[in-house]
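A.B. asks: Here you go, this is coords_14.cif (mmCIF, C-alpha atoms (C1' of nucleotides)).
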```
data_model
loop_
_atom_site.group_PDB
_atom_site.id
_atom_site.type_symbol
_atom_site.label_atom_id
_atom_site.label_comp_id
_atom_site.auth_asym_id
_atom_site.auth_seq_id
_atom_site.Cartn_x
_atom_site.Cartn_y
_atom_site.Cartn_z
ATOM 1 C CA MET A 1 -17.188 28.381 77.514
ATOM 2 C CA PRO A 2 -19.599 26.715 75.095
ATOM 3 C CA VAL A 3 -19.189 22.957 74.786
ATOM 4 C CA VAL A 4 -18.735 23.295 71.044
ATOM 5 C CA ILE A 5 -15.621 25.401 71.669
ATOM 6 C CA ALA A 6 -14.237 23.466 74.601
ATOM 7 C CA CYS A 7 -14.463 20.181 72.723
ATOM 8 C CA ARG A 8 -13.331 21.488 69.366
ATOM 9 C CA GLN A 9 -10.213 19.311 69.066
ATOM 10 C CA ASN A 10 -12.247 16.156 69.577
ATOM 11 C CA MET A 11 -14.971 17.224 67.205
ATOM 12 C CA ILE A 12 -12.458 18.145 64.531
ATOM 13 C CA ALA A 13 -10.957 14.663 64.803
ATOM 14 C CA ILE A 14 -14.380 13.082 64.350
ATOM 15 C CA GLN A 15 -15.128 15.378 61.446
ATOM 16 C CA ASP A 16 -11.792 14.555 59.816
ATOM 17 C CA THR A 17 -12.755 10.903 59.740
ATOM 18 C CA LEU A 18 -16.222 11.652 58.430
ATOM 19 C CA ASP A 19 -14.788 13.877 55.710
ATOM 20 C CA VAL A 20 -12.661 10.984 54.524
ATOM 21 C CA ILE A 21 -15.513 8.485 54.249
ATOM 22 C CA SER A 22 -18.486 10.718 53.448
ATOM 23 C CA GLY A 23 -19.931 11.241 50.006
ATOM 24 C CA LYS A 24 -21.831 9.076 47.641
ATOM 25 C CA TRP A 25 -18.937 6.941 46.365
ATOM 26 C CA ARG A 26 -16.159 6.745 48.986
ATOM 27 C CA ILE A 27 -17.551 3.738 50.834
ATOM 28 C CA PRO A 28 -18.371 1.854 47.623
ATOM 29 C CA ILE A 29 -14.840 2.522 46.341
ATOM 30 C CA ILE A 30 -13.249 1.274 49.548
ATOM 31 C CA VAL A 31 -15.448 -1.817 49.569
ATOM 32 C CA CYS A 32 -14.594 -2.577 45.950
ATOM 33 C CA LEU A 33 -10.877 -2.302 46.617
ATOM 34 C CA THR A 34 -11.253 -4.475 49.692
ATOM 35 C CA MET A 35 -13.022 -7.249 47.806
ATOM 36 C CA ARG A 36 -10.861 -7.016 44.700
ATOM 37 C CA PRO A 37 -7.479 -5.708 45.829
ATOM 38 C CA GLU A 38 -6.208 -4.330 42.515
ATOM 39 C CA LEU A 39 -8.387 -2.701 39.901
ATOM 40 C CA SER A 40 -7.824 -0.477 36.896
ATOM 41 C CA PHE A 41 -9.699 2.755 36.418
ATOM 42 C CA THR A 42 -12.118 1.129 33.999
ATOM 43 C CA GLU A 43 -12.608 -1.965 36.140
ATOM 44 C CA LEU A 44 -13.435 0.253 39.093
ATOM 45 C CA LYS A 45 -15.791 2.263 36.953
ATOM 46 C CA GLU A 46 -17.618 -0.915 35.934
ATOM 47 C CA GLU A 47 -17.787 -2.167 39.506
ATOM 48 C CA LEU A 48 -19.326 1.102 40.591
ATOM 49 C CA VAL A 49 -21.959 0.894 37.848
ATOM 50 C CA TYR A 50 -23.144 4.516 37.600
ATOM 51 C CA ILE A 51 -20.219 6.622 38.668
ATOM 52 C CA SER A 52 -18.968 9.186 36.159
ATOM 53 C CA ALA A 53 -15.314 9.315 35.127
ATOM 54 C CA LYS A 54 -14.930 12.794 36.526
ATOM 55 C CA VAL A 55 -16.175 11.863 39.958
ATOM 56 C CA LEU A 56 -14.238 8.601 40.082
ATOM 57 C CA SER A 57 -11.115 10.459 39.100
ATOM 58 C CA ALA A 58 -11.634 13.125 41.736
ATOM 59 C CA GLU A 59 -12.398 10.612 44.469
ATOM 60 C CA LEU A 60 -9.340 8.528 43.662
ATOM 61 C CA ARG A 61 -7.108 11.572 43.764
ATOM 62 C CA PHE A 62 -8.572 12.615 47.079
ATOM 63 C CA MET A 63 -7.948 9.160 48.495
ATOM 64 C CA GLU A 64 -4.418 9.165 47.128
ATOM 65 C CA GLU A 65 -3.694 12.476 48.842
ATOM 66 C CA ASN A 66 -4.928 10.915 52.043
ATOM 67 C CA ASN A 67 -2.638 7.888 51.654
ATOM 68 C CA LEU A 68 -5.606 5.551 51.489
ATOM 69 C CA VAL A 69 -5.150 4.424 47.903
ATOM 70 C CA SER A 70 -2.052 3.805 45.840
ATOM 71 C CA ARG A 71 -1.889 4.493 42.120
ATOM 72 C CA GLU A 72 0.464 2.506 39.953
ATOM 73 C CA VAL A 73 0.951 3.119 36.233
ATOM 74 C CA LYS A 74 1.600 -0.049 34.229
ATOM 75 C CA LYS A 75 3.405 0.619 30.956
ATOM 76 C CA THR A 76 2.315 -2.403 28.959
ATOM 77 C CA THR A 77 1.323 -2.150 25.302
ATOM 78 C CA THR A 78 -1.631 -0.089 26.399
ATOM 79 C CA LEU A 79 -1.614 2.299 29.325
ATOM 80 C CA THR A 80 -3.336 0.973 32.416
ATOM 81 C CA VAL A 81 -3.394 2.287 35.940
ATOM 82 C CA LYS A 82 -3.871 -0.001 38.905
ATOM 83 C CA TYR A 83 -5.477 1.200 42.098
ATOM 84 C CA SER A 84 -5.318 -0.558 45.445
ATOM 85 C CA LEU A 85 -5.767 0.192 49.114
ATOM 86 C CA THR A 86 -2.640 1.018 51.047
ATOM 87 C CA ALA A 87 -1.939 -0.728 54.346
ATOM 88 C CA TYR A 88 -3.079 2.495 55.944
ATOM 89 C CA GLY A 89 -6.269 2.489 53.888
ATOM 90 C CA ARG A 90 -7.047 -0.955 55.236
ATOM 91 C CA THR A 91 -7.082 0.454 58.775
ATOM 92 C CA LEU A 92 -10.480 1.854 57.820
ATOM 93 C CA GLU A 93 -11.893 -1.652 57.680
ATOM 94 C CA ARG A 94 -12.468 -1.984 61.428
ATOM 95 C CA LEU A 95 -14.208 1.363 61.468
ATOM 96 C CA LEU A 96 -16.467 0.353 58.605
ATOM 97 C CA PHE A 97 -17.526 -2.744 60.517
ATOM 98 C CA SER A 98 -18.410 -0.599 63.531
ATOM 99 C CA LEU A 99 -20.456 1.700 61.329
ATOM 100 C CA MET A 100 -22.133 -1.293 59.716
ATOM 101 C CA ASP A 101 -23.038 -2.842 63.056
ATOM 102 C CA TRP A 102 -24.637 0.351 64.324
ATOM 103 C CA GLY A 103 -26.480 0.813 61.030
ATOM 104 C CA LEU A 104 -27.910 -2.689 61.127
ATOM 105 C CA THR A 105 -29.124 -2.149 64.686
ATOM 106 C CA HIS A 106 -30.541 1.215 63.677
ATOM 107 C CA ARG A 107 -32.728 -0.336 60.982
ATOM 108 C CA VAL A 108 -34.187 -2.637 63.632
ATOM 109 C CA GLN A 109 -34.624 0.253 66.047
ATOM 110 C CA ILE A 110 -36.434 2.446 63.536
ATOM 111 C CA THR A 111 -38.355 0.029 61.375
ATOM 112 C CA GLY A 112 -38.699 -2.973 63.661
ATOM 113 C CA LYS A 113 -37.550 -5.146 60.794
ATOM 114 C CA GLN A 114 -34.431 -7.239 60.897
ATOM 115 C CA ALA A 115 -32.835 -5.805 57.794
ATOM 116 C CA LEU A 116 -33.635 -3.877 54.665
ATOM 117 C CA GLU A 117 -34.141 -6.118 51.666
ATOM 118 C CA VAL A 118 -33.231 -4.351 48.472
ATOM 119 C CA SER A 119 -33.166 -6.199 45.182
ATOM 120 C CA ASN A 120 -30.291 -5.793 42.741
ATOM 121 C CA GLU A 121 -32.592 -3.972 40.392
ATOM 122 C CA ASP A 122 -33.897 -1.522 42.987
ATOM 123 C CA TYR A 123 -30.394 -0.763 44.134
ATOM 124 C CA ILE A 124 -29.192 -0.103 40.604
ATOM 125 C CA ASN A 125 -32.149 2.178 39.978
ATOM 126 C CA ALA A 126 -31.441 4.035 43.194
ATOM 127 C CA LEU A 127 -27.822 4.544 42.150
ATOM 128 C CA ARG A 128 -28.876 5.835 38.768
ATOM 129 C CA ALA A 129 -31.563 8.120 40.130
ATOM 130 C CA ASN A 130 -29.166 9.400 42.785
ATOM 131 C CA LEU A 131 -31.549 8.325 45.558
ATOM 132 C CA PRO A 132 -30.371 6.338 48.544
ATOM 133 C CA PRO A 133 -32.478 3.195 48.971
ATOM 134 C CA VAL A 134 -33.643 3.963 52.464
ATOM 135 C CA VAL A 135 -36.903 3.914 54.327
ATOM 136 C CA PRO A 136 -38.726 7.073 53.219
ATOM 137 C CA GLY A 137 -38.915 9.756 55.876
ATOM 138 C CA ILE A 138 -36.727 7.858 58.264
ATOM 139 C CA VAL A 139 -32.947 7.988 58.316
ATOM 140 C CA MET B 140 -21.912 -9.328 39.733
ATOM 141 C CA PRO B 141 -20.320 -5.979 40.589
ATOM 142 C CA VAL B 142 -19.054 -5.706 44.145
ATOM 143 C CA VAL B 143 -21.163 -2.616 44.676
ATOM 144 C CA ILE B 144 -24.280 -4.702 44.036
ATOM 145 C CA ALA B 145 -23.208 -7.834 45.849
ATOM 146 C CA CYS B 146 -22.355 -5.903 49.000
ATOM 147 C CA ARG B 147 -25.281 -3.506 48.869
ATOM 148 C CA GLN B 148 -26.852 -4.564 52.189
ATOM 149 C CA ASN B 149 -23.607 -3.915 54.045
ATOM 150 C CA MET B 150 -23.010 -0.618 52.325
ATOM 151 C CA ILE B 151 -26.530 0.535 53.034
ATOM 152 C CA ALA B 152 -25.985 -0.207 56.728
ATOM 153 C CA ILE B 153 -22.801 1.861 56.740
ATOM 154 C CA GLN B 154 -24.527 4.653 54.867
ATOM 155 C CA ASP B 155 -27.443 4.604 57.298
ATOM 156 C CA THR B 156 -25.049 5.323 60.144
ATOM 157 C CA LEU B 157 -23.263 8.043 58.207
ATOM 158 C CA ASP B 158 -26.580 9.665 57.302
ATOM 159 C CA VAL B 159 -27.414 9.911 60.986
ATOM 160 C CA ILE B 160 -24.165 11.599 62.022
ATOM 161 C CA SER B 161 -23.219 13.538 58.893
ATOM 162 C CA GLY B 162 -23.812 17.224 58.388
ATOM 163 C CA LYS B 163 -22.315 20.314 59.893
ATOM 164 C CA TRP B 164 -24.157 20.260 63.226
ATOM 165 C CA ARG B 165 -25.101 16.671 64.162
ATOM 166 C CA ILE B 166 -21.846 15.817 65.923
ATOM 167 C CA PRO B 167 -21.721 19.144 67.785
ATOM 168 C CA ILE B 168 -25.320 18.639 68.923
ATOM 169 C CA ILE B 169 -24.614 15.128 70.172
ATOM 170 C CA VAL B 170 -21.473 16.265 71.975
ATOM 171 C CA CYS B 171 -23.341 19.150 73.627
ATOM 172 C CA LEU B 172 -26.071 16.840 74.868
ATOM 173 C CA THR B 173 -23.452 14.401 76.118
ATOM 174 C CA MET B 174 -21.615 17.030 78.134
ATOM 175 C CA ARG B 175 -24.747 18.791 79.391
ATOM 176 C CA PRO B 176 -27.499 16.172 79.494
ATOM 177 C CA GLU B 177 -30.524 18.471 79.396
ATOM 178 C CA LEU B 178 -30.702 21.692 77.454
ATOM 179 C CA SER B 179 -33.459 23.979 76.242
ATOM 180 C CA PHE B 180 -33.691 25.103 72.633
ATOM 181 C CA THR B 181 -32.095 28.435 73.441
ATOM 182 C CA GLU B 182 -29.375 26.921 75.609
ATOM 183 C CA LEU B 183 -28.486 24.565 72.798
ATOM 184 C CA LYS B 184 -28.471 27.434 70.346
ATOM 185 C CA GLU B 185 -26.049 29.347 72.545
ATOM 186 C CA GLU B 186 -23.792 26.315 72.991
ATOM 187 C CA LEU B 187 -23.642 25.875 69.232
ATOM 188 C CA VAL B 188 -22.680 29.518 68.754
ATOM 189 C CA TYR B 189 -23.508 30.099 65.072
ATOM 190 C CA ILE B 190 -26.288 27.691 64.276
ATOM 191 C CA SER B 191 -29.496 29.235 62.960
ATOM 192 C CA ALA B 192 -32.826 28.486 64.627
ATOM 193 C CA LYS B 193 -34.116 26.910 61.451
ATOM 194 C CA VAL B 194 -31.261 24.456 61.165
ATOM 195 C CA LEU B 195 -31.248 23.614 64.870
ATOM 196 C CA SER B 196 -34.962 22.981 64.732
ATOM 197 C CA ALA B 197 -34.663 20.733 61.693
ATOM 198 C CA GLU B 198 -31.754 18.766 63.134
ATOM 199 C CA LEU B 199 -33.513 18.204 66.446
ATOM 200 C CA ARG B 200 -36.617 16.946 64.706
ATOM 201 C CA PHE B 201 -34.533 14.604 62.574
ATOM 202 C CA MET B 202 -32.819 13.233 65.666
ATOM 203 C CA GLU B 203 -36.136 12.831 67.416
ATOM 204 C CA GLU B 204 -37.498 10.812 64.493
ATOM 205 C CA ASN B 205 -34.453 8.608 64.795
ATOM 206 C CA ASN B 206 -35.021 8.055 68.532
ATOM 207 C CA LEU B 207 -31.693 9.681 69.372
ATOM 208 C CA VAL B 208 -33.075 12.711 71.176
ATOM 209 C CA SER B 209 -36.093 13.175 73.397
ATOM 210 C CA ARG B 210 -38.132 16.370 73.499
ATOM 211 C CA GLU B 211 -39.971 17.320 76.666
ATOM 212 C CA VAL B 212 -42.234 20.362 76.972
ATOM 213 C CA LYS B 213 -42.138 21.986 80.408
ATOM 214 C CA LYS B 214 -45.249 24.035 81.184
ATOM 215 C CA THR B 215 -43.868 26.430 83.757
ATOM 216 C CA THR B 216 -44.796 30.113 83.812
ATOM 217 C CA THR B 217 -42.981 30.437 80.513
ATOM 218 C CA LEU B 218 -42.838 27.715 77.879
ATOM 219 C CA THR B 219 -39.575 25.816 77.738
ATOM 220 C CA VAL B 220 -38.599 22.647 75.907
ATOM 221 C CA LYS B 221 -35.877 20.379 77.192
ATOM 222 C CA TYR B 222 -33.829 18.220 74.873
ATOM 223 C CA SER B 223 -31.709 15.255 75.934
ATOM 224 C CA LEU B 224 -30.126 12.166 74.452
ATOM 225 C CA THR B 225 -32.108 8.970 74.741
ATOM 226 C CA ALA B 226 -30.437 5.800 76.035
ATOM 227 C CA TYR B 227 -30.351 4.733 72.407
ATOM 228 C CA GLY B 228 -28.744 8.023 71.388
ATOM 229 C CA ARG B 229 -25.985 7.362 73.879
ATOM 230 C CA THR B 230 -25.086 4.153 72.019
ATOM 231 C CA LEU B 231 -23.486 6.472 69.474
ATOM 232 C CA GLU B 232 -20.846 7.429 72.001
ATOM 233 C CA ARG B 233 -18.637 4.385 71.426
ATOM 234 C CA LEU B 234 -18.804 4.969 67.693
ATOM 235 C CA LEU B 235 -17.806 8.605 68.097
ATOM 236 C CA PHE B 236 -14.738 7.568 70.074
ATOM 237 C CA SER B 237 -13.740 5.178 67.280
ATOM 238 C CA LEU B 238 -14.153 7.940 64.731
ATOM 239 C CA MET B 239 -12.167 10.309 66.930
ATOM 240 C CA ASP B 240 -9.311 7.844 67.364
ATOM 241 C CA TRP B 241 -8.997 7.277 63.635
ATOM 242 C CA GLY B 242 -9.178 11.007 62.968
ATOM 243 C CA LEU B 243 -6.420 11.775 65.459
ATOM 244 C CA THR B 244 -4.210 9.142 63.863
ATOM 245 C CA HIS B 245 -5.059 10.500 60.455
ATOM 246 C CA ARG B 246 -3.781 13.963 61.341
ATOM 247 C CA VAL B 247 -0.471 12.400 62.290
ATOM 248 C CA GLN B 248 -0.418 10.313 59.136
ATOM 249 C CA ILE B 249 -1.091 13.266 56.836
ATOM 250 C CA THR B 250 0.597 16.187 58.527
ATOM 251 C CA GLY B 251 3.220 14.481 60.654
ATOM 252 C CA LYS B 252 2.087 16.588 63.557
ATOM 253 C CA GLN B 253 0.645 15.165 66.719
ATOM 254 C CA ALA B 254 -2.591 17.135 66.685
ATOM 255 C CA LEU B 255 -4.192 20.155 65.140
ATOM 256 C CA GLU B 256 -4.028 23.193 67.382
ATOM 257 C CA VAL B 257 -6.919 25.512 66.727
ATOM 258 C CA SER B 258 -7.536 28.505 68.934
ATOM 259 C CA ASN B 259 -10.993 29.343 70.226
ATOM 260 C CA GLU B 260 -11.048 32.358 67.991
ATOM 261 C CA ASP B 261 -10.064 30.498 64.831
ATOM 262 C CA TYR B 262 -12.656 27.851 65.509
ATOM 263 C CA ILE B 263 -15.395 30.411 66.042
ATOM 264 C CA ASN B 264 -14.408 32.182 62.834
ATOM 265 C CA ALA B 265 -14.472 28.896 60.972
ATOM 266 C CA LEU B 266 -17.957 28.164 62.278
ATOM 267 C CA ARG B 267 -19.167 31.576 61.237
ATOM 268 C CA ALA B 268 -17.517 31.468 57.824
ATOM 269 C CA ASN B 269 -18.844 27.971 57.273
ATOM 270 C CA LEU B 270 -15.318 26.649 56.721
ATOM 271 C CA PRO B 271 -14.045 23.564 58.498
ATOM 272 C CA PRO B 272 -10.796 24.289 60.321
ATOM 273 C CA VAL B 273 -8.767 21.655 58.530
ATOM 274 C CA VAL B 274 -5.428 21.457 56.826
ATOM 275 C CA PRO B 275 -5.888 23.208 53.451
ATOM 276 C CA GLY B 276 -5.919 20.811 50.543
ATOM 277 C CA ILE B 277 -5.685 17.787 52.768
ATOM 278 C CA VAL B 278 -8.629 16.048 54.343
ATOM 279 C "C1'" DC C 279 -7.558 3.737 28.303
ATOM 280 C "C1'" DT C 280 -7.349 7.420 31.576
ATOM 281 C "C1'" DG C 281 -8.629 11.179 32.619
ATOM 282 C "C1'" DC C 282 -9.633 16.797 32.521
ATOM 283 C "C1'" DA C 283 -12.710 21.154 31.343
ATOM 284 C "C1'" DT C 284 -16.926 23.188 31.114
ATOM 285 C "C1'" DC C 285 -21.263 23.877 32.254
ATOM 286 C "C1'" DC C 286 -25.381 22.649 35.031
ATOM 287 C "C1'" DA C 287 -29.045 20.723 38.486
ATOM 288 C "C1'" DG C 288 -30.335 19.511 42.910
ATOM 289 C "C1'" DA C 289 -29.464 19.359 47.820
ATOM 290 C "C1'" DT C 290 -27.770 21.623 51.998
ATOM 291 C "C1'" DT C 291 -27.233 25.460 54.803
ATOM 292 C "C1'" DG C 292 -28.015 30.131 56.099
ATOM 293 C "C1'" DA C 293 -30.104 35.166 56.686
ATOM 294 C "C1'" DT C 294 -33.911 37.606 57.690
ATOM 295 C "C1'" DA C 295 -38.275 38.397 59.189
ATOM 296 C "C1'" DC C 296 -42.315 36.909 61.498
ATOM 297 C "C1'" DT C 297 -45.803 34.045 64.868
ATOM 298 C "C1'" DG C 298 -48.094 31.633 69.056
ATOM 299 C "C1'" DC D 299 -39.229 31.158 74.511
ATOM 300 C "C1'" DA D 300 -39.554 28.139 70.639
ATOM 301 C "C1'" DG D 301 -39.951 27.884 66.708
ATOM 302 C "C1'" DT D 302 -41.685 28.639 61.078
ATOM 303 C "C1'" DA D 303 -41.594 30.796 56.268
ATOM 304 C "C1'" DT D 304 -39.360 32.677 52.584
ATOM 305 C "C1'" DC D 305 -35.601 33.668 49.863
ATOM 306 C "C1'" DA D 306 -30.592 33.372 48.759
ATOM 307 C "C1'" DA D 307 -25.972 31.391 48.565
ATOM 308 C "C1'" DT D 308 -22.975 27.647 48.536
ATOM 309 C "C1'" DC D 309 -21.545 22.901 47.738
ATOM 310 C "C1'" DT D 310 -21.820 18.285 45.764
ATOM 311 C "C1'" DG D 311 -22.277 15.460 42.205
ATOM 312 C "C1'" DG D 312 -23.204 14.759 37.221
ATOM 313 C "C1'" DA D 313 -23.528 15.094 31.784
ATOM 314 C "C1'" DT D 314 -21.105 15.988 27.909
ATOM 315 C "C1'" DG D 315 -17.296 16.652 25.082
ATOM 316 C "C1'" DC D 316 -12.423 16.471 24.353
ATOM 317 C "C1'" DA D 317 -7.221 15.167 24.851
ATOM 318 C "C1'" DG D 318 -2.778 12.706 25.888
#
```
If you took the structure in this file and wrote it as structure tokens, what would it be?
C.D. replies:
Amino acid sequence: MPVVIACRQNMIAIQDTLDVISGKWRIPIIVCLTMRPELSFTELKEELVYISAKVLSAELRFMEENNLVSREVKKTTTLTVKYSLTAYGRTLERLLFSLMDWGLTHRVQITGKQALEVSNEDYINALRANLPPVVPGIV
Amino acid sequence: MPVVIACRQNMIAIQDTLDVISGKWRIPIIVCLTMRPELSFTELKEELVYISAKVLSAELRFMEENNLVSREVKKTTTLTVKYSLTAYGRTLERLLFSLMDWGLTHRVQITGKQALEVSNEDYINALRANLPPVVPGIV
DNA sequence: CTGCATCCAGATTGATACTG
DNA sequence: CAGTATCAATCTGGATGCAG
């Protein structure tokens, strides 16, 4: 039996996790909500700089369905909605550190340099232009 | 300063790792080469069941450029090329177990069931139809 | 303010056919 | 056997405009 069939349960589990954290904005959203535990839709949108309302909305709903984010409507004078990570959502933190550690090592492995230095400006431009600020041709 | 800017170096590191392991076939390829440490192009293609030669070729070259896979040409009577994980490629293993653990927990969290049972046949059909065998609407 | 609907562009993956 | 080239489909993310 092919390995890809025999190991399917394990690979599906890995893929499930990747599905939850893949995409252009999922990691940034999680990091924002980690650093600033409660944010409104507009605050999140400003933190994320170039995300569109449609995409932010879709991502937040996806994360809600996955129990990672809680959505709380505040009925003050003006309607606001507060988003925050659930306790379960915070279990992703350890995983993100593991991913970060490997990624930092990988930069060294591939480029021989200690870390990638990206200026604020370059990073903002990369976000706008929809280009990841990575070493061209590698990674 | 927006969180997404202030934390850019960390997020880039996470994204670097995700870029290396994301995509339909990267995880399956790594798992195949873990279970069977040396495989030819055709053997790999058979293990992966529905991958096309073009995609397999592109993925292997990408992984070679990232030092994860080594490519060795054997000049016997007939040309064969053996692929295997490098020592560096095997450093991904720990990460994959972390991803797998979270994914298994996630299934329980979302569906309330201990694990997803997918038959060989269903999994093969999903590979062919280009559909991940996941819970519809969730994950 | 908080989103949804529509339409659209670019990237990813695949099918098919062909080469050294 | 080990790929490459070309063309097509599908998927993701985005721009714009509108509504509760």
A.B. asks: Please tabulate, as a tab-separated table, the residues of chain A that come within 12 Å of chain D, each with its closest pair of atoms and the distance in Å to one decimal, counting only C-alpha atoms (C1' of nucleotides) and ordering rows by chain, then residue number upward.
C.D. replies:
```
residue	atom	partner	partner_atom	distance
A:Ser22	CA	D:DT310	C1'	11.3
A:Gly23	CA	D:DT310	C1'	8.4
A:Lys24	CA	D:DG311	C1'	8.4
A:Trp25	CA	D:DG311	C1'	10.1
A:Tyr50	CA	D:DG312	C1'	10.3
A:Ile51	CA	D:DG312	C1'	8.8
A:Ser52	CA	D:DG312	C1'	7.1
A:Ala53	CA	D:DG312	C1'	9.8
A:Lys54	CA	D:DG312	C1'	8.5
A:Val55	CA	D:DG311	C1'	7.4
A:Leu56	CA	D:DG311	C1'	10.8
A:Ala58	CA	D:DG311	C1'	10.9
A:Glu59	CA	D:DG311	C1'	11.2
A:Leu79	CA	D:DG318	C1'	11.0
A:Arg128	CA	D:DG312	C1'	10.7
A:Ala129	CA	D:DG312	C1'	11.1
A:Asn130	CA	D:DG311	C1'	9.2
```
A.B. asks: Could you write out the selected residues, including C-alpha atoms, as a JSON list (two decimals), keeping the file's coordinate frame?
C.D. replies:
```
[["chain", "number", "residue", "atom", "x", "y", "z"],
["A", 22, "SER", "CA", -18.49, 10.72, 53.45],
["A", 23, "GLY", "CA", -19.93, 11.24, 50.01],
["A", 24, "LYS", "CA", -21.83, 9.08, 47.64],
["A", 25, "TRP", "CA", -18.94, 6.94, 46.36],
["A", 50, "TYR", "CA", -23.14, 4.52, 37.60],
["A", 51, "ILE", "CA", -20.22, 6.62, 38.67],
["A", 52, "SER", "CA", -18.97, 9.19, 36.16],
["A", 53, "ALA", "CA", -15.31, 9.32, 35.13],
["A", 54, "LYS", "CA", -14.93, 12.79, 36.53],
["A", 55, "VAL", "CA", -16.18, 11.86, 39.96],
["A", 56, "LEU", "CA", -14.24, 8.60, 40.08],
["A", 58, "ALA", "CA", -11.63, 13.12, 41.74],
["A", 59, "GLU", "CA", -12.40, 10.61, 44.47],
["A", 79, "LEU", "CA", -1.61, 2.30, 29.32],
["A", 128, "ARG", "CA", -28.88, 5.84, 38.77],
["A", 129, "ALA", "CA", -31.56, 8.12, 40.13],
["A", 130, "ASN", "CA", -29.17, 9.40, 42.78]]
```
A.B. asks: Determine, counting all atoms listed in the file, which protein, DNA and RNA residues have an atom within 9 Å of an atom of A:Gln9; residues of the same chain fewer than 6 positions away are not included. Present the result as a ChimeraX atom specification.
C.D. replies: /B:254-257
A.B. asks: Could you spell out the hits of the PyMOL selection byres ((chain A) within 6 of (chain B)) on the shown file, as a PyMOL selection string?
C.D. replies: chain A and resi 2-4+13-14+16-17+32+47-48+99-100+103-104
A.B. asks: Can you list, as a list of chain:residue names, the residues that the PyMOL selection byres ((chain C) within 9 of (chain B)) selects here?
C.D. replies: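 Applying the expression gives C:DT290, C:DT291, C:DG292, C:DA293.
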A.B. asks: For the atom pair atom C1' of C:DG298 and atom CA of B:Pro176, what is the interatomic distance in Å to one decimal place?
C.D. replies: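 Answer for the atom C1' of C:DG298 to atom CA of B:Pro176 separation: 27.8 Å.
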A.B. asks: Quick one: of A:Thr80, A:Thr111, A:Ser57, A:Ser70, who's nearest to C:DC279, counting all atoms listed in the file?
C.D. replies: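 Of A:Thr80, A:Thr111, A:Ser57, A:Ser70, the one nearest C:DC279 is A:Thr80, counting all atoms listed in the file.
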A.B. asks: Between atom CA of B:Gly228 and atom CA of B:Lys213, what is the distance, to one decimal in Å?
C.D. replies: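 About the pair atom CA of B:Gly228 and atom CA of B:Lys213: they are 21.3 Å apart.
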A.B. asks: Just to confirm, what's the straight-line distance from atom CA of A:Lys82 to atom CA of A:Leu39 in Å (one decimal)?
C.D. replies: 5.4 Å
A.B. asks: Give the centre and edge lengths of an axis-aligned box, in Å to one decimal, that holds all listed atoms of stretch 18-25 of chain A with 3 Å on each side, as AutoDock Vina command-line options.
C.D. replies:
```
--center_x -17.2 --center_y 10.4 --center_z 52.4 --size_x 15.2 --size_y 12.9 --size_z 18.1
```
